[in-house]
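Structure, as structure tokens:
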Amino acid sequence: MITFDLGSTPVRELNQHLHSAVTDPVHVANPGGRHAIAVGATDAHTVTVDGNVGYYCAGMNAEATVKINGHAGPGLAENMMSGTVHVTGNASQYCAATARGGLVIIDGDASSRCGISMKGVDIVVKGNVGHMSAFMAQKGALVVCGDAGDALGDSIYEATLFVAGSVASLGTDCEEKAMDDEALALLQRLLQQSGATTSAADFKRYGSARKLYHFNVDNASSY
């Protein structure tokens, strides 16, 4: 195992190591809320961060497994491509924004705009999510074991949303959908992968009504 103590070592040195093909397990000590920790990992690294991180931790992650034993600031796993990012605490705003693949696990709560413009990532939040989560979500799945704030799935495309608790309100063009066999199998797989204990039977499924992104000639005069 290789240890980077960010109390004395620059974050840049850690990130440069994660851009290499040396995939010995990495331990990050004293992160101290620093920004851009473990950004741009490009191989199958295993990274354990003991403490809280700031903005954009594990952004653009490709193949690496990053575990944060603490809380994460805004932009966690932004534009992530693959791999796994796991936060044992809470995540701030726009977690996994524009992420294209992989799995993000939040053991606590996620703030507003969780999964904004997600493009293929799977996100499991064992607590609650804030308002405008999955805004313009295009592909992938968001699983919320707790409650969801206002405007869930606003302007959603083809992502799939699962919520076990209450939804304050649905966004434009988002609607409740039947839990078919394919969706149930996806939900069960994600619950198992994330270690979530909430029963699949407690969830409702939400997705696009497919009315917003199709041109309707009856509304031509409004354009």
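All residue names refer to the structure tokens as shown: chains lettered A, B, ... in order, residues numbered from 1 in each chain, ligands numbered from 1 in order.
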
Where does DSSP see strand (DSSP E or B) in range 21-191 of chain A, if you list the residues as a ChimeraX atom specification? /A:26-29,46-50,53,65-69,72,84-87,91,103-106,110,119-125,129,139-144,148,152,160-163,167,170,174-177

Spatial neighbours of range 187-197 of chain A, max dist 7 Å, only C-alpha atoms, sep filter under 6 positions, as a compact mmCIF listing (two decimals) with C-alpha atoms, in the first residue's frame:
```txt
# COMPACT_ATOMS: atom_id res chain seq x y z
CA ILE A 105 -22.72 5.06 -3.55
CA VAL A 124 -27.43 4.82 -4.99
CA LYS A 126 -29.07 5.45 1.08
```

Of the candidates A:Asp173, A:Asp43, A:Glu78, A:Asp180, which one gets nearest to Pro25 in chain A if we count only C-alpha atoms? A:Asp43

Residue nearest Ser208 in chain A - candidates A:Met179, A:Ile156, A:Ala64, A:Leu186, atoms counted: only C-alpha atoms: A:Ile156

So which residues touch Asp109 in chain A within 10 Å, counting only C-alpha atoms, skipping near sequence neighbours fewer than 5 positions away, as a tab-separated table (two decimals) with N, CA and C atoms, in the first residue's frame?
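The result, stored in result.tsv:
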```tsv
chain	number	residue	atom	x	y	z
A	71	HIS	N	-17.27	12.96	4.53
A	71	HIS	CA	-18.22	13.69	3.69
A	71	HIS	C	-17.52	14.23	2.45
A	87	VAL	N	-19.00	7.02	-0.77
A	87	VAL	CA	-18.87	7.99	0.31
A	87	VAL	C	-19.64	7.47	1.52
A	88	THR	N	-18.97	7.37	2.67
A	88	THR	CA	-19.64	6.84	3.86
A	88	THR	C	-20.48	7.90	4.56
A	89	GLY	N	-20.25	9.17	4.25
A	89	GLY	CA	-21.03	10.25	4.85
A	89	GLY	C	-22.02	10.84	3.87
A	90	ASN	N	-22.10	12.17	3.84
A	90	ASN	CA	-23.01	12.89	2.95
A	90	ASN	C	-22.26	13.47	1.76
A	91	ALA	N	-22.99	13.76	0.69
A	91	ALA	CA	-22.42	14.41	-0.49
A	91	ALA	C	-23.16	15.72	-0.73
A	92	SER	N	-22.42	16.74	-1.11
A	92	SER	CA	-23.01	18.05	-1.35
A	92	SER	C	-23.64	18.11	-2.74
A	114	CYS	N	-28.51	16.16	-7.42
A	114	CYS	CA	-27.81	14.88	-7.49
A	114	CYS	C	-28.11	14.23	-8.85
A	125	VAL	N	-28.26	6.37	-3.33
A	125	VAL	CA	-28.20	7.24	-2.15
A	125	VAL	C	-29.03	6.57	-1.06
A	126	LYS	N	-28.37	6.18	0.03
A	126	LYS	CA	-29.07	5.45	1.08
A	126	LYS	C	-29.91	6.37	1.97
A	127	GLY	N	-29.68	7.67	1.88
A	127	GLY	CA	-30.48	8.65	2.60
A	127	GLY	C	-31.40	9.39	1.65
A	128	ASN	N	-31.44	10.73	1.79
A	128	ASN	CA	-32.32	11.58	1.01
A	128	ASN	C	-31.54	12.34	-0.07
A	129	VAL	N	-32.27	12.84	-1.08
A	129	VAL	CA	-31.68	13.74	-2.08
A	129	VAL	C	-32.43	15.06	-2.08
A	130	GLY	N	-31.73	16.12	-2.46
A	130	GLY	CA	-32.34	17.45	-2.48
A	130	GLY	C	-33.11	17.75	-3.74
A	144	VAL	N	-32.91	6.13	-4.64
A	144	VAL	CA	-32.96	6.93	-3.41
A	144	VAL	C	-33.70	6.12	-2.36
A	145	CYS	N	-32.99	5.71	-1.32
A	145	CYS	CA	-33.61	4.89	-0.28
A	145	CYS	C	-34.43	5.72	0.70
A	146	GLY	N	-34.23	7.03	0.72
A	146	GLY	CA	-34.99	7.93	1.57
A	146	GLY	C	-35.99	8.75	0.76
A	147	ASP	N	-36.03	10.05	1.02
A	147	ASP	CA	-36.97	10.96	0.37
A	147	ASP	C	-36.27	11.78	-0.71
```

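When the distance limit is 9 Å and only C-alpha atoms are what count, the residues near Ser112 in chain A, minus those fewer than 4 positions from it on the same chain, are Ser92, Gln93, Tyr94, Cys95, Val129, Gly130, His131, Met132, Ser133 and Gly149 of chain A.
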
Exercise: range 11-13 of chain A partners within 9 Å, only C-alpha atoms, chain neighbours under 6 positions left out, as JSON, numbers by chain: {"A": [4, 31, 34, 35, 36, 37, 38]}

Requested write-out: N, CA and C atoms of the selected residues, as a short mmCIF file (atom, residue, chain, number, x, y, z; two decimals), in the first residue's frame:
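Output file part-v1.cif is given in full below:
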```
data_model
loop_
_atom_site.label_atom_id
_atom_site.label_comp_id
_atom_site.auth_asym_id
_atom_site.auth_seq_id
_atom_site.Cartn_x
_atom_site.Cartn_y
_atom_site.Cartn_z
N PHE A 4 -0.36 8.57 0.85
CA PHE A 4 -0.13 9.99 0.57
C PHE A 4 -0.73 10.78 1.73
N PRO A 31 -6.90 14.40 4.41
CA PRO A 31 -7.36 15.14 3.24
C PRO A 31 -7.77 16.58 3.58
N ARG A 34 -9.57 19.15 1.23
CA ARG A 34 -8.93 19.69 0.03
C ARG A 34 -9.71 19.31 -1.23
N HIS A 35 -9.54 20.15 -2.26
CA HIS A 35 -10.32 19.99 -3.49
C HIS A 35 -9.57 19.11 -4.50
N ALA A 36 -10.35 18.52 -5.41
CA ALA A 36 -9.82 17.77 -6.56
C ALA A 36 -8.95 16.60 -6.17
N ILE A 37 -9.28 15.96 -5.07
CA ILE A 37 -8.55 14.75 -4.65
C ILE A 37 -8.96 13.58 -5.54
N ALA A 38 -7.98 12.81 -5.98
CA ALA A 38 -8.21 11.60 -6.80
C ALA A 38 -8.97 11.92 -8.08
#
```

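The shortest atom-to-atom distance to Met60 in chain A, with only C-alpha atoms taken into account, belongs to A:Ala97 out of A:Ala97, A:Ser169, A:Pro74, A:Val26.
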
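Straight-line separation from CA of Leu142 in chain A to CA of Thr160 in chain A: 6.5 Å.
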
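The residue set within 6 Å of Asn61 in chain A, counting only C-alpha atoms and dropping same-chain residues fewer than 2 places from it, reads Gly40, Ala41, Ala58, Gly59, Met80 and Met81 of chain A.
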
Closest of A:Val49, A:Ala159, A:Ala62, A:Ala164 to His86 in chain A, counting only C-alpha atoms, is A:Val49

Please provide as an MDAnalysis selection string all residues within 7 Å of Lys119 in chain A, with the sequence filter that same-chain residues fewer than 5 positions apart are discarded (counting only C-alpha atoms). chainID A and resid 98:100 137:140

Produce a file of the selected residues containing C-alpha atoms, as a short mmCIF file (atom, residue, chain, number, x, y, z; two decimals), in the first residue's frame.
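Printed below is part03.cif as written:
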```cif
data_model
loop_
_atom_site.label_atom_id
_atom_site.label_comp_id
_atom_site.auth_asym_id
_atom_site.auth_seq_id
_atom_site.Cartn_x
_atom_site.Cartn_y
_atom_site.Cartn_z
CA THR A 98 -22.76 14.49 -16.27
CA ALA A 99 -21.28 11.12 -15.23
CA ARG A 100 -21.25 8.57 -18.03
CA ALA A 137 -30.97 12.98 -16.62
CA GLN A 138 -30.34 11.19 -19.89
CA LYS A 139 -29.28 7.64 -19.06
CA GLY A 140 -28.52 5.47 -16.03
#
```

Run DSSP on the backbone of this structure and report the residues of range 31-190 of chain A it assigns to helix (DSSP H, G or I), as an NGL selection string. :A and (181-190)

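Between CA of Gly51 in chain A and CA of Leu6 in chain A the interatomic distance comes to 10.8 Å.
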
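From CA of Tyr206 in chain A back to CA of Ser82 in chain A, the distance works out to 24.3 Å.
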